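Quick notes on the structure that follows.
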Amino acid sequence: MRLLRVATCNLNQWAMDFDTNLRNVKESIARAKAAGAAVRVGPELELTGYGCEDHFLEQDTTAHAWECLKDILTGDYTDNILCSIGMPVIFNSVRYNCQVFCLNRKIIMIRPKMSLANDGNYREFRWFSAWTFKDEIVEFQLPIEVSEAISQDTVPFGYGYMQFLDVSLAAETCEELFTANAPRIDLALNGVEVFMNASGSHHQLRKLNLRIDSIRNATKTCGGVYMYANQQGCDGGRLYYDGCCCIAVNGDLVAQGSQFSLKDVEVMDALVDLDAVSSYRASVSSFREQASHRTNVPFVKVPYKLCQSFRNGMVPTSPVQVMYHCPEEEIAFGPSCWLWDYLRRSQASGFLLPLSGGADSSSVAAIVGCMCQLVIKDIKKGDEQVKADALRIGQYKDGEVPTDSRELAKRLFYTVYMGTENSSEDTRSRAKRLADEIGSFHLNVPIDCIVSAFLSLFETLTGKRPRYKVDGGSNIENLGLQNIQARIRMVLAFMMASLMPWVHNKSGFYLVLGSSNVDEGLRGYLTKYDCSSADINPIGSVSKQDLRAFLRWAAIHLKYSSLAEVESAPPTAELEPIRANYSQLDEVDMGMTYEELSIYGRLRKIFRCGPVSMFQNLCHSWCGRLSPSEVADKVKHFFKYYAINRHKMTVLTPSYHAESYSPEDNRFDLRQFLYNSRWPYQFRKINELVQEMDKDGKWETPTEGQLAMQTGAQGSGMGVVAAGSANPSAGF
């Protein structure tokens, strides 16, 4: 019985912070050794941090990675433990994303990544090249400083595996887990038993099951032990790497780390039976047949034993139940951890949020409250790093220790209700009750005098005073009056964020939090440079429907009961006067429901639909409820305002990435921002299709499966709102 103890980890790395990254790597190795592990794998590019982006093009970045590796190798960290360490390596003037395998203060092998991630948020081809040579391992000349320090000149470099005296091991790196012709297939047929995956995978709602399924299936079809390591936390950008390191054996998960955590280092280990791998593979006739005429993969011989012999009391780790968070929990914990990392690393003293009492800003407030609860929970568990960060940010006196989330929130979270004559008592009271439940320092700031001053100045300059539409004004006047209110709130929020710490005799500054959601960004239903413009936004990539579900969850599980009332209230901007016969509502203003917006967003981004193909898809999805001409009107209305407002995405506040149909312009959704909003060719094609369909009169009702696929698994009960209302927040 060959028993091998293996260890994997989640590391909270920070791009370009080599001190932090090196400290975390060393700590993870020390913990793995303390657990008795003979093998340790860390995240992708763990020495530099995954999110260095164009810093990877700098020679310094690679040089510093080698310096950190030399630091590890000249200590006792790799004594009697095989360590996979992720870093960039330049070979023959080409930069590769590599795993460097170290044992007993020597480098055993360097494995460059063969399949680079280059879609969605990933741009690896911008900085790295894929290794394409599968038939040989070449010699790599080590940098002179490293060579002299460890008395080793060269190291095997390329695709292959390591053959120890008692076990064979190989690497996969992140994206290679998900490719059709994954390296592990040939490696398994060559007898490799342990696979080590160094990953840099970010959080996205409802994504974890795909990753876990891929890991389990990798060892279910080929057998073997699969070690998966990941980064965890905000490493300096919009992404939150969601950890969940794990170990799988023959299709079963035997260890799983946390998905969301404030910890800098988390190590998971397991004792695995390698003979069980051999037995599993030998029991599958098709595997035996394919292995008997395999393509040989090059390997490196290592004259060293890693396994333990069976002794009394040694029991292989049993399978565990896979832990998944519901989407509401993902919205609570992911952005909360991202905010904490951003806060502690930015040297800010806290957050300031314009709290309107509506669903979006209340969701952000609840997420900050959740962050405070997580901090207190980890302090009580004895996490000294979280405690030290909380003491510094909260500016506690010597001897004081945070023990209550509401008291912590009072120190680092300001909420401001900036009301006008158009604001209702309902939203004002909801904002105050929620602030009290969370514990934030709350201010009620009327801004009518500032609005009036702007209007008086405008009247002095032009001789005209604009009126709201309900008072007889035009659409242009109505829009201008609403945008004045919205933009004043942004200026006031940033002024208070910079000066309120001074007012309270505190050092530092506060970060302004934004609260626009992904659907409003997609439609452009926000004023350019209003309260959607902030330092960061934890919900900018979360849909309105998911936020409302989160509010219902948070009212119970976070114990912020006022959120139930917030969720049940109809969404409104409260930028127009309230009259007996008129009350402003978001969905009426937009000319579409939030549910429809989610469907448009998924079809546009996930299913890559332009106006014509979206019309065709929705004709099937909405058959029996809307005529072709009604579907055409809705599609054209959406694309018209999408095109008009796309420019707003160029200045969108940096937002936590959570949704697969995010319109974020920085990296994820790259498109022009100046469109012909009339879409003459596309809309003409739609009109022609409508005429043909009306003439034929033939409709087919879709199956439930087709409907789910075409609408991104959204509900089919679509509300219908008249298209054609003016957009109150065009914001040019």
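We label chains A, B, ... in the order they appear in the structure tokens, count residues from 1 in each chain, and number ligands from 1 in the order shown.
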Q | Shell around Tyr342 (chain A) at 8 Å using only C-alpha atoms, local window under 3 positions removed, as number ranges by chain | A | A: 234, 236, 338-339, 345-346
Q) Neighbours of region 689-694 of chain A within 10 Å (only C-alpha atoms; same-chain residues fewer than 4 positions away dropped), as a PyMOL selection string? A) chain A and resi 612+615-616+619+627-632+683-685+698-699
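One finds CA of Ser405 (chain A) at 21.2 Å from CA of Ala497 (chain A).
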Q | Test item: residues at most 10 Å from region 212-226 of chain A, only C-alpha atoms, excluding those fewer than 6 positions along its chain, as a PyMOL selection string | A | chain A and resi 6+169-172+177-178+182+184-189+191-197+244-254+256+272-282+284+287+322-324
Q: Pick out the closest residue to Cys52 (chain A) from this set: A:Lys207, A:Leu69, A:Gln13, A:Leu82. Count only C-alpha atoms.
A: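 The shortest atom-to-atom distance to Cys52 (chain A) comes from A:Gln13.
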Q. Could you state the separation of CA of Phe639 (chain A) and CA of Cys609 (chain A) in Å, given to one decimal place?
A. 11.2 Å
Q: Considering only C-alpha atoms, state which residue in the set A:Lys377, A:Arg608, A:Arg548, A:Arg344 is at the smallest distance from Glu328 (chain A).
A: A:Arg548
Q: Name the residues of region 449-568 of chain A that come out as strand (DSSP E or B) in a backbone DSSP run; write them as a ChimeraX atom specification.
A: /A:510-513,536-537
For the selection just defined, write its residues with N, CA, C and O atoms to a file, as a short mmCIF file (atom, residue, chain, number, x, y, z; two decimals), in the first residue's frame.
```cif
data_model
loop_
_atom_site.label_atom_id
_atom_site.label_comp_id
_atom_site.auth_asym_id
_atom_site.auth_seq_id
_atom_site.Cartn_x
_atom_site.Cartn_y
_atom_site.Cartn_z
N TYR A 510 -11.81 58.17 3.16
CA TYR A 510 -12.81 57.12 2.96
C TYR A 510 -12.97 56.86 1.46
O TYR A 510 -12.89 57.79 0.65
N LEU A 511 -13.18 55.62 1.12
CA LEU A 511 -13.47 55.24 -0.26
C LEU A 511 -14.97 55.37 -0.51
O LEU A 511 -15.78 54.90 0.29
N VAL A 512 -15.33 55.99 -1.62
CA VAL A 512 -16.74 56.14 -1.98
C VAL A 512 -17.20 54.87 -2.71
O VAL A 512 -16.54 54.42 -3.66
N LEU A 513 -18.31 54.31 -2.25
CA LEU A 513 -18.85 53.10 -2.86
C LEU A 513 -19.97 53.44 -3.83
O LEU A 513 -20.86 54.24 -3.51
N ILE A 536 -15.06 52.39 -6.01
CA ILE A 536 -15.29 50.99 -6.37
C ILE A 536 -16.77 50.67 -6.18
O ILE A 536 -17.49 51.37 -5.47
N ASN A 537 -17.21 49.60 -6.82
CA ASN A 537 -18.63 49.20 -6.76
C ASN A 537 -18.72 47.69 -6.56
O ASN A 537 -18.35 46.93 -7.46
#
```
Q: Have a look at A:Asp360, A:Asp71, A:Glu44, A:Glu136 and name the one nearest to Cys531 (chain A); count only C-alpha atoms.
A: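 Closest to Cys531 (chain A) of all the choices is A:Asp360.
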What's the 6 Å shell around region 410-419 of chain A, counting only C-alpha atoms, without same-chain residues fewer than 4 positions away, as a short mmCIF file (atom, residue, chain, number, x, y, z; two decimals) with N, CA, C and O atoms, in the first residue's frame?
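Now in out-v5.cif:
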```cif
data_model
loop_
_atom_site.label_atom_id
_atom_site.label_comp_id
_atom_site.auth_asym_id
_atom_site.auth_seq_id
_atom_site.Cartn_x
_atom_site.Cartn_y
_atom_site.Cartn_z
N GLY A 350 -11.92 53.73 5.68
CA GLY A 350 -13.28 53.22 5.68
C GLY A 350 -13.98 53.49 4.37
O GLY A 350 -13.36 53.87 3.37
N PHE A 351 -15.31 53.32 4.40
CA PHE A 351 -16.14 53.51 3.21
C PHE A 351 -17.20 54.57 3.47
O PHE A 351 -17.69 54.72 4.60
N LEU A 352 -17.58 55.26 2.40
CA LEU A 352 -18.74 56.15 2.44
C LEU A 352 -19.69 55.75 1.33
O LEU A 352 -19.27 55.58 0.18
N LEU A 353 -20.96 55.60 1.67
CA LEU A 353 -21.97 55.16 0.70
C LEU A 353 -23.15 56.11 0.68
O LEU A 353 -23.77 56.35 1.71
N PRO A 354 -23.48 56.68 -0.48
CA PRO A 354 -24.76 57.38 -0.62
C PRO A 354 -25.89 56.35 -0.53
O PRO A 354 -26.07 55.55 -1.44
N LEU A 355 -26.63 56.35 0.57
CA LEU A 355 -27.65 55.34 0.85
C LEU A 355 -29.03 55.94 0.59
O LEU A 355 -29.50 56.78 1.35
N SER A 356 -29.67 55.49 -0.49
CA SER A 356 -30.94 56.08 -0.91
C SER A 356 -32.15 55.40 -0.31
O SER A 356 -33.26 55.91 -0.41
N GLY A 394 -9.68 50.65 11.98
CA GLY A 394 -10.64 51.24 12.91
C GLY A 394 -10.01 52.23 13.86
O GLY A 394 -10.72 52.91 14.63
N SER A 423 -37.78 63.28 -2.84
CA SER A 423 -37.56 62.06 -2.06
C SER A 423 -38.76 61.81 -1.14
O SER A 423 -39.40 62.75 -0.66
N GLY A 439 -25.08 49.60 11.87
CA GLY A 439 -24.22 50.31 12.81
C GLY A 439 -23.43 51.43 12.19
O GLY A 439 -22.54 52.00 12.84
N SER A 440 -23.71 51.80 10.95
CA SER A 440 -22.94 52.84 10.28
C SER A 440 -23.19 54.21 10.89
O SER A 440 -24.22 54.46 11.53
N PHE A 441 -22.24 55.12 10.67
CA PHE A 441 -22.44 56.51 11.05
C PHE A 441 -23.29 57.14 9.94
O PHE A 441 -22.83 57.27 8.80
N HIS A 442 -24.52 57.52 10.27
CA HIS A 442 -25.49 57.91 9.23
C HIS A 442 -25.80 59.39 9.30
O HIS A 442 -25.99 59.96 10.38
N LEU A 443 -25.87 60.01 8.13
CA LEU A 443 -26.23 61.42 8.02
C LEU A 443 -27.40 61.59 7.07
O LEU A 443 -27.47 60.93 6.03
N ASN A 444 -28.30 62.50 7.42
CA ASN A 444 -29.41 62.87 6.54
C ASN A 444 -29.11 64.27 6.03
O ASN A 444 -29.11 65.25 6.79
N VAL A 445 -28.81 64.38 4.72
CA VAL A 445 -28.31 65.64 4.16
C VAL A 445 -29.27 66.14 3.07
O VAL A 445 -29.24 65.63 1.94
N PRO A 446 -30.12 67.13 3.36
CA PRO A 446 -30.97 67.71 2.31
C PRO A 446 -30.11 68.51 1.32
O PRO A 446 -29.23 69.26 1.74
#
```
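For the residues A:Cys337, A:Cys326, A:Leu626, A:Ala431, ranking by smallest atom-to-atom distance to Ala359 (chain A) using only C-alpha atoms places A:Ala431 first.
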Q | Nearest candidate to Val315 (chain A) (options A:Ser283, A:Ala643, A:Arg392, A:Ala270; using only C-alpha atoms) | A |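 That would be A:Ala270, the residue with the smallest distance to Val315 (chain A).
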Q | Surrounding residues of Val300 (chain A) excluding itself and chain neighbours under 2 positions, 9 Å, only C-alpha atoms, as a ChimeraX atom specification | A | /A:108-109,137,156,160-164,298,302
Keeping all heavy atoms for every residue in the selection just given, could you write it to a file as a JSON list (two decimals), in the first residue's frame?
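Done, and the output landed in out32.json:
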```json
[["chain", "number", "residue", "atom", "x", "y", "z"],
["A", 108, "ILE", "N", 13.84, 20.56, -9.75],
["A", 108, "ILE", "CA", 13.71, 19.26, -10.42],
["A", 108, "ILE", "C", 13.29, 19.42, -11.88],
["A", 108, "ILE", "O", 13.81, 18.74, -12.77],
["A", 108, "ILE", "CB", 12.68, 18.37, -9.70],
["A", 108, "ILE", "CG1", 13.06, 18.21, -8.22],
["A", 108, "ILE", "CG2", 12.55, 17.02, -10.37],
["A", 108, "ILE", "CD1", 14.41, 17.59, -8.00],
["A", 109, "MET", "N", 12.38, 20.37, -12.12],
["A", 109, "MET", "CA", 11.83, 20.51, -13.47],
["A", 109, "MET", "C", 11.07, 21.82, -13.54],
["A", 109, "MET", "O", 10.53, 22.31, -12.54],
["A", 109, "MET", "CB", 10.89, 19.32, -13.78],
["A", 109, "MET", "CG", 10.22, 19.38, -15.13],
["A", 109, "MET", "SD", 9.09, 17.96, -15.35],
["A", 109, "MET", "CE", 8.43, 18.32, -16.98],
["A", 137, "ILE", "N", 11.97, 17.25, -23.71],
["A", 137, "ILE", "CA", 12.29, 18.13, -22.60],
["A", 137, "ILE", "C", 13.69, 18.67, -22.86],
["A", 137, "ILE", "O", 14.62, 17.92, -23.15],
["A", 137, "ILE", "CB", 12.24, 17.38, -21.26],
["A", 137, "ILE", "CG1", 10.80, 16.93, -20.96],
["A", 137, "ILE", "CG2", 12.75, 18.25, -20.13],
["A", 137, "ILE", "CD1", 10.66, 16.12, -19.69],
["A", 156, "PRO", "N", 15.71, 20.56, -16.36],
["A", 156, "PRO", "CA", 14.82, 20.15, -17.45],
["A", 156, "PRO", "C", 13.64, 21.11, -17.58],
["A", 156, "PRO", "O", 13.03, 21.50, -16.58],
["A", 156, "PRO", "CB", 14.37, 18.75, -17.02],
["A", 156, "PRO", "CG", 15.43, 18.26, -16.09],
["A", 156, "PRO", "CD", 15.90, 19.48, -15.36],
["A", 160, "GLY", "N", 6.17, 17.21, -19.71],
["A", 160, "GLY", "CA", 6.53, 15.86, -19.33],
["A", 160, "GLY", "C", 6.11, 15.60, -17.90],
["A", 160, "GLY", "O", 5.30, 16.34, -17.33],
["A", 161, "TYR", "N", 6.67, 14.56, -17.30],
["A", 161, "TYR", "CA", 6.32, 14.24, -15.92],
["A", 161, "TYR", "C", 7.56, 13.86, -15.15],
["A", 161, "TYR", "O", 8.65, 13.67, -15.71],
["A", 161, "TYR", "CB", 5.26, 13.15, -15.85],
["A", 161, "TYR", "CG", 5.64, 11.80, -16.41],
["A", 161, "TYR", "CD1", 6.17, 10.79, -15.59],
["A", 161, "TYR", "CD2", 5.45, 11.50, -17.76],
["A", 161, "TYR", "CE1", 6.50, 9.55, -16.10],
["A", 161, "TYR", "CE2", 5.77, 10.26, -18.29],
["A", 161, "TYR", "CZ", 6.30, 9.29, -17.45],
["A", 161, "TYR", "OH", 6.63, 8.05, -17.95],
["A", 162, "MET", "N", 7.42, 13.76, -13.84],
["A", 162, "MET", "CA", 8.52, 13.40, -12.95],
["A", 162, "MET", "C", 8.30, 11.98, -12.46],
["A", 162, "MET", "O", 7.26, 11.68, -11.86],
["A", 162, "MET", "CB", 8.58, 14.37, -11.77],
["A", 162, "MET", "CG", 8.92, 15.81, -12.17],
["A", 162, "MET", "SD", 8.55, 17.00, -10.86],
["A", 162, "MET", "CE", 6.75, 17.02, -10.92],
["A", 163, "GLN", "N", 9.26, 11.14, -12.72],
["A", 163, "GLN", "CA", 9.18, 9.74, -12.29],
["A", 163, "GLN", "C", 10.06, 9.54, -11.05],
["A", 163, "GLN", "O", 11.28, 9.48, -11.14],
["A", 163, "GLN", "CB", 9.63, 8.80, -13.41],
["A", 163, "GLN", "CG", 9.53, 7.33, -13.05],
["A", 163, "GLN", "CD", 8.09, 6.90, -12.78],
["A", 163, "GLN", "OE1", 7.23, 6.96, -13.66],
["A", 163, "GLN", "NE2", 7.82, 6.48, -11.55],
["A", 164, "PHE", "N", 9.41, 9.49, -9.88],
["A", 164, "PHE", "CA", 10.12, 9.20, -8.65],
["A", 164, "PHE", "C", 10.24, 7.68, -8.51],
["A", 164, "PHE", "O", 9.70, 6.91, -9.30],
["A", 164, "PHE", "CB", 9.37, 9.80, -7.46],
["A", 164, "PHE", "CG", 9.56, 11.30, -7.34],
["A", 164, "PHE", "CD1", 8.90, 12.17, -8.19],
["A", 164, "PHE", "CD2", 10.40, 11.83, -6.38],
["A", 164, "PHE", "CE1", 9.07, 13.54, -8.09],
["A", 164, "PHE", "CE2", 10.59, 13.20, -6.26],
["A", 164, "PHE", "CZ", 9.92, 14.06, -7.12],
["A", 298, "PRO", "N", 7.71, 12.37, -22.58],
["A", 298, "PRO", "CA", 9.03, 12.43, -21.93],
["A", 298, "PRO", "C", 8.90, 12.63, -20.42],
["A", 298, "PRO", "O", 7.91, 13.18, -19.93],
["A", 298, "PRO", "CB", 9.69, 13.63, -22.60],
["A", 298, "PRO", "CG", 8.58, 14.44, -23.17],
["A", 298, "PRO", "CD", 7.49, 13.48, -23.53],
["A", 302, "VAL", "N", 13.72, 10.98, -10.98],
["A", 302, "VAL", "CA", 14.12, 11.57, -9.70],
["A", 302, "VAL", "C", 14.38, 10.43, -8.72],
["A", 302, "VAL", "O", 13.45, 9.75, -8.31],
["A", 302, "VAL", "CB", 13.03, 12.51, -9.14],
["A", 302, "VAL", "CG1", 13.55, 13.23, -7.90],
["A", 302, "VAL", "CG2", 12.57, 13.52, -10.20]]
```
Q: Pick out the closest residue to Asn104 (chain A) from this set: A:Cys83, A:Gln682, A:Thr154, A:Pro570. Count only C-alpha atoms.
A: A:Cys83
Q: For CA of Pro112 (chain A) and CA of Ala180 (chain A), quote the distance in Å rounded to one decimal.
A: 18.5 Å
Please report as a Markdown table every residue of region 79-178 of chain A lying within 8 Å of region 57-65 of chain A, along with the nearest atom pair and their distance in Å (one decimal), using only C-alpha atoms.
```
| residue | atom | partner | partner_atom | distance |
| --- | --- | --- | --- | --- |
| A:Met87 | CA | A:Ala65 | CA | 6.3 |
| A:Pro88 | CA | A:Thr62 | CA | 5.8 |
| A:Val89 | CA | A:Thr62 | CA | 6.5 |
| A:Ile90 | CA | A:Thr62 | CA | 7.6 |
| A:Trp127 | CA | A:Leu57 | CA | 6.3 |
```
Q: Find the residues around Ile107 (chain A) up to 9 Å (only C-alpha atoms counted), leave out those fewer than 6 positions away in its own chain, and share them as JSON, numbers by chain.
A: {"A": [73, 100, 101, 150, 152, 154, 155, 156]}
